[in-house]
Amino acid sequence: MQQKKEVKIKKTWFARIKSLFVYFLLFLVLGWGVDLWRAHSMVSGKAPELITMSVQNKQIDLLAMSQEKPVLVYFWATWCSVCSVVSPSVDFVDGGTQVITVALNSGNNKRIQQYLHAKKYDFSVINDPKGTIAQEWGITVTPTLFVINKGEISAVTTGFTSPFGMWVRLFFSKFS
Amino acid sequence: MAFVKSYFFIFLLLSFFTGNSFAATPETGWVSNFNHPPVKVNLQLTGQTDPQLHTVNALLNVSLEGDWKTYWRSPGEGGVAPTFEWTSKSTNIKAVDWSWPAPKRYPVLGVETVGYKGQIHFPIKLTLEDSQKVSHLQGVMTLASCTTICVLTDYDIDLSFDPAFLHTNDDVAFAYAQAVSSVPILVTQEAIKEQKNSANITGLETYWNQLEQQIVVQLSHKIDWQSPDLFIDSHEPKLLDVFFSKPKISVADKKLTAVFDVSSWGGEVDLTNADINITVVDANTAVEIVSTLGNQAVDTSGASLASIFLIALLGGLILNIMPCVLPVLGMKLSSVLGVDRSQRSQIRKQFLASSVGILSSFWLLAAFLGLLKLSGEALGWGIQFQNPYFIAVMVVITALFTANMLGLFEIQLPSSMQTWLATKGGHSYFGHYLQGMFATLLATPCSAPFLGTAVAFALGASMWQLFAVFTALGLGMALPWLLIAIFPSIALLLPKPGKWMGSVKLIFGLLILATCLWLVSLLDSFIGGFYTVLVALVILLLFALLILKKHGVRVLTIVFSSLLLVAAVIFIVGSLTSKYWASPLHDDIVWQPLNTQIIQQQVKQGNVVFVDVTADWCVTCKANKVGVILQDPVYSALQEGGVIAMKGDWTVRSNSVTAYLQSFGRYGVPFNIVYGPGAPKGIELSTILNSDDVITALEKAKGQ
């Protein structure tokens with residue numbers, strides 16, 4: 001009697017883990033599918049050239065930067081409510097990895113500097129007041145994150161992403 | 001339906017080919033962007049023009065699928081307002097004025113945004129350079145929309161029309177009138193001060209607190225506030241990147257105090273003497289107040305939490321003597337009558353368990369209301385009574401309880417539960433705990449003095465204050481129970497069980513039966529009058545039969561004659577004192593349907609006719625109704641002899657009402673006019689009514 005009970009418990013635990021794993025897989029596939037659908041109009045393969053000055057007055061050359069280590073490119077906007085949830089994560093990743101961000105239709109440099117100062121973000125920002133860079137990259141959605149490695153786009157994602165998600169994408173980009 | 005649709009389509013095609021003179025009113029059709037299918041826009045002309053002002057009315061429809069939201073004109077920190085850039089390519093267009101329907105707050109991943117969801121209709125006024133020339137409106141509309149991602153999309157708007165050949169499209173014009181009514185009415189600070197056409201706002205105080213970087217707004221309303229929300233924005237360009245937080249609102253009946261935190265990315269802000277617009281949205285109100293911020297501190301103390309706590313305590317206490325709860329307390333008391341003095345500690349623990357039951361169910365209520373509040377639902381004590389299923393369940397519960405009180409059956413627990421209780425011995429207080437929860441459940445249909453004030457305060461306050469007030473309510477209601485827990489001897493003071501207990505039980509049974517019948521009456525708006533009466537009769541008949549079977553004819557006669565007596569007393573006392581307590585919002589005015597011929601006849605006979613053209617979707621109409629028409633002196637004046645009240649209902653488009661409105665060059669509600677021997681052509685009243693104006697017009701029409 002006692003033994004039978006034990007076996008039963010083991011089985012249920014195994015079943016639980018199994019179903020959890022299936023759900024996780026489903027979640028992953030779904031998430032990946034949604035990403036793929038959203039990315040249909042975005043650029044793929046070679047990353048567009050991006051040589052410009054940041055709001056902080058620093059020269060930025062994305063393709064050159066990406067030769068040594070992968071670069072996280074983050075498209076955001078001051079008016080994007082979801083971005084204010086993702087930006088702290090980007091700011092957290094910044095420093096450990098190379099991060100470039102592009103601010104879409106968010107006003108002049110002074111306004112963006114004020115925003116960064118108020119929110120205490122340190123990442124470097126390229127101002128895209130008319131959305132021309134975004135157009136070149138085929139982006140309509142914010143927040144959007146790219147990982148660029150050796151001039152190639154190795155990952156794209158939109159919407160809410162955790163710091164862990166960013167790290168995983170950066171990590172895997174080294175192998176692709 | 002499909003037939004009508006295709007017919008309409010053919011008609012459109014035909015009109016397209018036959019040129020402008022026969023044209024359906026011009027519209028862009030639904031414009032969408034390939035990259036973002038969930039959002040579409042359509043700009044339609046209503047066909048109405050004003051040659052004097054050179055204006056043309058247009059309606060901008062925005063359709064957002066599912067959970068997509070777009071922003072208000074001042075969306076706050078995490079948003080961007082829709083824009084329309086038309087200046088470079090348009091011809092003969094001087095100005096495009098965009099009106100904004102009252103917005104709502106939407107939390108997006110925890111970030112507060114102000115905007116719209118679903119179908120939005122913006123009324124737009126185009127001003128032309130020359131009202132006779134062919135005009136061309138061309139430009140790019142930029143619209144941000146968000147769910148868990150944000151998208152900024154451009155829409156190409158291209159619309160040509162000849163203002164000289166426009167004909168009113170009744171459908172679009174009706175939709176335009178509806179859209180206009182969803183835009184808050186503009187009221188100035190001066191109008192409020194003079195108490196003229198102030199849309200029921202009777203007082204306004206504002207204060208800019210430089211030190212705290214806060215704005216305080218205090219508003220008085222003619223009638224009680226329900227669940228108001230306030231939005232502040234400013235047209236001053238230097239305040240473009242200044243943000244106003246979601247306000248902390250406290251309500252005390254007719255007075256509302258809202259405190260906004262003001263912030264800017266640029267650091268400290270100076271709003272001394274700044275011009276701001278305060279948009280107030282409530283159940284029957286949508287007003288935008290133009291105001292200059294004051295420098296005098298406003299007394300925000302209003303109702304302090306301490307005093308509200310006391311009020312809530314009192315409200316909870318009074319709940320015990322309301323007809324829905326009293327029987328539970330009575331039953332509980334009678335249950336301890338047989339217990340002898342040696343079991344005091346047991347009584348103590350039983351009542352304590354019930355008190356905990358009451359308190360925890362009040363916390364449950366608070367948590368439930370808190371959740372609803374976070375999701376932005378409309379709130380109030382007893383909102384569950386908007387749900388017919390809940391009412392039905394409560395009817396059944398109260399009916400069963402009545403039956404139990406009348407001794408028609410004893411609640412028999414399943415044997416397994418009885419054994420379970422038995423194994424717990426005398427130490428199981430779970431049953432008593434449940435009794436406490438049951439008492440609270442029965443209390444929810446009842447309202448008590450002070451309860452409304454406390455709940456209104458709690459709903460406008462922060463989360464912890466909501467819990468504090470509900471804790472006080474629970475404590476108040478549990479007070480008699482706690483008292484007995486502390487002094488069990490009180491229960492033992494009651495007379496020895498005897499015949500009197502039967503009579504008391506009967507009275508309690510009747511009380512709860514009254515509650516049950518009241519609940520049935522609430523079903524009226526869901527199932528209609530006939531079925532409501534039917535259900536009530538069936539319940540009464542069922543009880544009559546059960547009592548007859550169990551207790552015989554004598555008890556039945558006693559029960560029903562006392563029920564009749566109670567009903568008669570309530571009815572007589574109620575009708576005698578109605579002017580002291582009856583809500584003045586009860587519409588006793590006999591409204592006749594609008595008919596121009598009858599107006600002429602009545603005026604010839606020397607009568608005065610007051611015409612109110614109104615619609616259910618019109619917020620201003622509601623404000624006029626509750627603030628002026630149903631308030632004295634206008635309310636009494638309309639019921640006098642020689643005064644006929646006439647109502648044109650435009651809730652659904654009606655050709656006769658439309659024609660009537662158009663005969664005055666109007667295409668919108670509210671519209672009020674007074675006819676009489678002194679004014680056979682009628683005296684038109686302003687959109688926002690004012691009792692002085694109405695009374696003057698009535699007297700003038702009488703020819704006095």
# chains A, B, ... in the order shown; residues from 1 in each chain; ligands from 1
$ residues_around --residues "Pro70 (chain A)" --least-positions-apart "4" --cutoff "8 Å" --atoms "only C-alpha atoms" --output "PDB file with N, CA and C atoms, in the first residue's frame"
ATOM      1  N   MET A  65      32.180  48.753 -34.457  1.00  0.00           N
ATOM      2  CA  MET A  65      32.044  48.290 -33.073  1.00  0.00           C
ATOM      3  C   MET A  65      31.741  46.802 -33.013  1.00  0.00           C
ATOM      4  N   SER A  66      30.936  46.348 -33.991  1.00  0.00           N
ATOM      5  CA  SER A  66      30.453  44.965 -33.922  1.00  0.00           C
ATOM      6  C   SER A  66      31.518  43.950 -34.339  1.00  0.00           C
ATOM      7  N   THR A  97      28.056  45.000 -21.865  1.00  0.00           N
ATOM      8  CA  THR A  97      28.083  44.771 -23.313  1.00  0.00           C
ATOM      9  C   THR A  97      27.988  46.117 -24.013  1.00  0.00           C
ATOM     10  N   GLN A  98      28.240  46.095 -25.308  1.00  0.00           N
ATOM     11  CA  GLN A  98      28.132  47.330 -26.078  1.00  0.00           C
ATOM     12  C   GLN A  98      26.662  47.593 -26.408  1.00  0.00           C
ATOM     13  N   VAL A 147      20.596  42.327 -32.231  1.00  0.00           N
ATOM     14  CA  VAL A 147      21.973  42.018 -31.847  1.00  0.00           C
ATOM     15  C   VAL A 147      22.785  41.963 -33.136  1.00  0.00           C
ATOM     16  N   ILE A 148      23.826  42.780 -33.211  1.00  0.00           N
ATOM     17  CA  ILE A 148      24.663  42.844 -34.409  1.00  0.00           C
ATOM     18  C   ILE A 148      26.023  42.251 -34.060  1.00  0.00           C
ATOM     19  N   ASN A 149      26.423  41.254 -34.857  1.00  0.00           N
ATOM     20  CA  ASN A 149      27.718  40.633 -34.629  1.00  0.00           C
ATOM     21  C   ASN A 149      28.489  40.603 -35.944  1.00  0.00           C
ATOM     22  N   LYS A 150      29.662  41.196 -35.956  1.00  0.00           N
ATOM     23  CA  LYS A 150      30.520  41.272 -37.141  1.00  0.00           C
ATOM     24  C   LYS A 150      29.743  41.769 -38.365  1.00  0.00           C
ATOM     25  N   LEU A 170      22.509  37.839 -26.755  1.00  0.00           N
ATOM     26  CA  LEU A 170      23.888  38.282 -26.952  1.00  0.00           C
ATOM     27  C   LEU A 170      24.837  37.093 -26.914  1.00  0.00           C
ATOM     28  N   SER A 173      24.641  34.904 -30.004  1.00  0.00           N
ATOM     29  CA  SER A 173      25.067  35.554 -31.236  1.00  0.00           C
ATOM     30  C   SER A 173      26.534  35.265 -31.527  1.00  0.00           C
ATOM     31  N   LYS A 174      27.281  34.918 -30.493  1.00  0.00           N
ATOM     32  CA  LYS A 174      28.705  34.655 -30.687  1.00  0.00           C
ATOM     33  C   LYS A 174      28.928  33.381 -31.487  1.00  0.00           C
TER      34      LYS A 174
END
$ interface_residues --of "chain A" --to "chain B" --cutoff "6 Å" --atoms "only C-alpha atoms" --output "PyMOL selection string"
chain A and resi 79-81+114-115+118+140-142+159
$ atom_distance --atom1 "CA of Leu45 (chain B)" --atom2 "CA of Ser654 (chain B)"
20.4 Å
$ select_by_dssp --residues "region 101-328 of chain B" --states "strand (DSSP E or B)" --output "MDAnalysis selection string"
chainID B and resid 104:108 111:117 119:128 135:146 150:161 185:188 201:209 214:221 229:233 242:244 248:252 255:264 275:282 285:292
$ residues_around --residues "Lys40 (chain B)" --least-positions-apart "5" --cutoff "8 Å" --atoms "only C-alpha atoms" --output "VMD selection string"
chain B and resid 30 to 33 62 to 64
$ write_last_selection --atoms "N, CA and C atoms" --output "CSV table (one decimal), in the first residue's frame"
chain,number,residue,atom,x,y,z
B,30,TRP,N,-12.0,54.0,-45.3
B,30,TRP,CA,-11.0,53.5,-44.2
B,30,TRP,C,-9.6,53.5,-44.8
B,31,VAL,N,-8.7,54.2,-44.2
B,31,VAL,CA,-7.3,54.3,-44.6
B,31,VAL,C,-6.6,53.4,-43.6
B,32,SER,N,-5.8,52.5,-44.0
B,32,SER,CA,-5.0,51.7,-43.1
B,32,SER,C,-3.5,51.7,-43.6
B,33,ASN,N,-2.6,51.2,-42.7
B,33,ASN,CA,-1.2,51.2,-43.1
B,33,ASN,C,-0.8,49.7,-43.2
B,62,VAL,N,-11.6,56.7,-35.8
B,62,VAL,CA,-10.4,55.9,-35.6
B,62,VAL,C,-10.9,54.6,-35.1
B,63,SER,N,-10.5,53.5,-35.7
B,63,SER,CA,-10.9,52.2,-35.2
B,63,SER,C,-9.7,51.4,-34.8
B,64,LEU,N,-9.7,51.0,-33.5
B,64,LEU,CA,-8.6,50.3,-32.9
B,64,LEU,C,-9.1,48.9,-32.5
$ atom_distance --atom1 "CA of Leu564 (chain B)" --atom2 "CA of Lys550 (chain B)"
20.9 Å
$ residues_around --residues "region 119-135 of chain A" --least-positions-apart "2" --cutoff "8 Å" --atoms "only C-alpha atoms" --output "ChimeraX atom specification"
/A:52-56,75,88,90-91,94,99-109,112,115-117,137-140 /B:265
$ closest_residue --among "A:Val73, A:Ile51, A:Leu63, A:Ala155" --to "Val168 (chain A)" --atoms "only C-alpha atoms"
A:Ala155
$ residues_around --residues "Ile321 (chain B)" --least-positions-apart "4" --cutoff "10 Å" --atoms "only C-alpha atoms" --output "PyMOL selection string"
chain B and resi 316-317+325-327+329-330+448+477
$ atom_distance --atom1 "CA of Ile507 (chain B)" --atom2 "CA of His432 (chain B)"
23.1 Å
$ select_by_dssp --residues "region 22-266 of chain B" --states "helix (DSSP H, G or I)" --output "list of chain:residue names"
B:Phe22, B:Pro163, B:Ala164, B:Phe165, B:Asp170, B:Asp171, B:Val172, B:Ala173, B:Phe174, B:Ala175, B:Tyr176, B:Ala177, B:Gln178, B:Ala179, B:Val180, B:Ser181, B:Gln189, B:Glu190, B:Ala191, B:Ile192, B:Lys193, B:Glu194, B:Pro237, B:Lys238, B:Leu239
$ write_last_selection --atoms "C-alpha atoms" --output "short mmCIF file (atom, residue, chain, number, x, y, z; two decimals), in the first residue's frame"
data_model
loop_
_atom_site.label_atom_id
_atom_site.label_comp_id
_atom_site.auth_asym_id
_atom_site.auth_seq_id
_atom_site.Cartn_x
_atom_site.Cartn_y
_atom_site.Cartn_z
CA PHE B 22 -25.18 64.12 -56.77
CA PRO B 163 -18.37 73.40 -50.27
CA ALA B 164 -21.05 74.89 -52.50
CA PHE B 165 -22.36 71.42 -53.41
CA ASP B 170 -27.99 62.45 -41.94
CA ASP B 171 -26.10 59.37 -40.73
CA VAL B 172 -22.75 61.14 -40.55
CA ALA B 173 -24.32 64.27 -39.08
CA PHE B 174 -25.98 62.16 -36.37
CA ALA B 175 -22.66 60.44 -35.59
CA TYR B 176 -21.06 63.90 -35.50
CA ALA B 177 -23.65 65.14 -32.99
CA GLN B 178 -22.97 62.06 -30.87
CA ALA B 179 -19.22 62.68 -31.05
CA VAL B 180 -19.69 66.33 -30.06
CA SER B 181 -21.67 65.24 -27.02
CA GLN B 189 -13.52 80.06 -14.22
CA GLU B 190 -15.62 83.23 -14.46
CA ALA B 191 -18.80 81.30 -15.35
CA ILE B 192 -18.36 79.21 -12.21
CA LYS B 193 -17.83 82.32 -10.12
CA GLU B 194 -20.99 83.91 -11.51
CA PRO B 237 3.97 76.16 -25.05
CA LYS B 238 6.47 76.39 -22.20
CA LEU B 239 4.50 73.72 -20.34
#
$ residues_around --residues "Gln218 (chain B)" --least-positions-apart "5" --cutoff "10 Å" --atoms "only C-alpha atoms" --output "list in words"
Gly203, Leu204, Glu205, Thr206, Tyr207, Ile249, Ser250, Val251, Lys255, Leu256, Thr257, Ala258, Val259, Val298, Asp299 and Thr300 of chain B
$ write_last_selection --atoms "N, CA and C atoms" --output "PDB file, in the first residue's frame"
ATOM      1  N   GLY B 203     -18.389  75.450  -7.576  1.00  0.00           N
ATOM      2  CA  GLY B 203     -17.261  76.092  -6.909  1.00  0.00           C
ATOM      3  C   GLY B 203     -15.949  75.550  -7.420  1.00  0.00           C
ATOM      4  N   LEU B 204     -14.937  76.418  -7.497  1.00  0.00           N
ATOM      5  CA  LEU B 204     -13.627  75.982  -7.979  1.00  0.00           C
ATOM      6  C   LEU B 204     -12.538  76.723  -7.209  1.00  0.00           C
ATOM      7  N   GLU B 205     -11.598  75.968  -6.685  1.00  0.00           N
ATOM      8  CA  GLU B 205     -10.405  76.567  -6.062  1.00  0.00           C
ATOM      9  C   GLU B 205      -9.207  75.830  -6.633  1.00  0.00           C
ATOM     10  N   THR B 206      -8.166  76.587  -7.014  1.00  0.00           N
ATOM     11  CA  THR B 206      -6.947  75.920  -7.454  1.00  0.00           C
ATOM     12  C   THR B 206      -5.778  76.521  -6.702  1.00  0.00           C
ATOM     13  N   TYR B 207      -4.728  75.737  -6.569  1.00  0.00           N
ATOM     14  CA  TYR B 207      -3.574  76.209  -5.830  1.00  0.00           C
ATOM     15  C   TYR B 207      -2.314  75.546  -6.361  1.00  0.00           C
ATOM     16  N   ILE B 249      -7.519  61.675  -5.420  1.00  0.00           N
ATOM     17  CA  ILE B 249      -8.828  62.312  -5.305  1.00  0.00           C
ATOM     18  C   ILE B 249      -9.501  61.901  -4.009  1.00  0.00           C
ATOM     19  N   SER B 250      -9.999  62.880  -3.268  1.00  0.00           N
ATOM     20  CA  SER B 250     -10.841  62.547  -2.121  1.00  0.00           C
ATOM     21  C   SER B 250     -12.175  63.243  -2.304  1.00  0.00           C
ATOM     22  N   VAL B 251     -13.235  62.517  -2.022  1.00  0.00           N
ATOM     23  CA  VAL B 251     -14.581  63.022  -2.253  1.00  0.00           C
ATOM     24  C   VAL B 251     -15.333  63.063  -0.933  1.00  0.00           C
ATOM     25  N   LYS B 255     -18.219  67.792  -2.613  1.00  0.00           N
ATOM     26  CA  LYS B 255     -16.925  68.457  -2.762  1.00  0.00           C
ATOM     27  C   LYS B 255     -15.843  67.434  -3.079  1.00  0.00           C
ATOM     28  N   LEU B 256     -14.987  67.826  -4.018  1.00  0.00           N
ATOM     29  CA  LEU B 256     -13.947  66.917  -4.470  1.00  0.00           C
ATOM     30  C   LEU B 256     -12.612  67.636  -4.355  1.00  0.00           C
ATOM     31  N   THR B 257     -11.606  66.960  -3.837  1.00  0.00           N
ATOM     32  CA  THR B 257     -10.277  67.541  -3.780  1.00  0.00           C
ATOM     33  C   THR B 257      -9.317  66.620  -4.510  1.00  0.00           C
ATOM     34  N   ALA B 258      -8.593  67.183  -5.481  1.00  0.00           N
ATOM     35  CA  ALA B 258      -7.654  66.383  -6.252  1.00  0.00           C
ATOM     36  C   ALA B 258      -6.266  67.000  -6.132  1.00  0.00           C
ATOM     37  N   VAL B 259      -5.274  66.160  -5.864  1.00  0.00           N
ATOM     38  CA  VAL B 259      -3.904  66.642  -5.756  1.00  0.00           C
ATOM     39  C   VAL B 259      -3.069  65.975  -6.847  1.00  0.00           C
ATOM     40  N   VAL B 298      -5.213  75.952  -0.521  1.00  0.00           N
ATOM     41  CA  VAL B 298      -6.570  75.420  -0.413  1.00  0.00           C
ATOM     42  C   VAL B 298      -6.594  74.443   0.747  1.00  0.00           C
ATOM     43  N   ASP B 299      -7.643  74.518   1.510  1.00  0.00           N
ATOM     44  CA  ASP B 299      -7.779  73.618   2.651  1.00  0.00           C
ATOM     45  C   ASP B 299      -8.072  72.217   2.143  1.00  0.00           C
ATOM     46  N   THR B 300      -7.068  71.347   2.192  1.00  0.00           N
ATOM     47  CA  THR B 300      -7.247  70.002   1.667  1.00  0.00           C
ATOM     48  C   THR B 300      -7.668  69.024   2.749  1.00  0.00           C
TER      49      THR B 300
END
$ closest_residue --among "B:Leu523, B:Leu542, B:Leu511, B:Val356" --to "Ile391 (chain B)" --atoms "only C-alpha atoms"
B:Leu523
$ residues_around --residues "region 691-700 of chain B" --least-positions-apart "2" --cutoff "8 Å" --atoms "only C-alpha atoms" --output "list in words"
Val608, Phe610, Val628, Ile629, Pro633, Val634, Ala637, Val674, Gly676, Gly678, Ala679, Ile683, Leu685, Leu689, Lys702, Gly703 and Gln704 of chain B
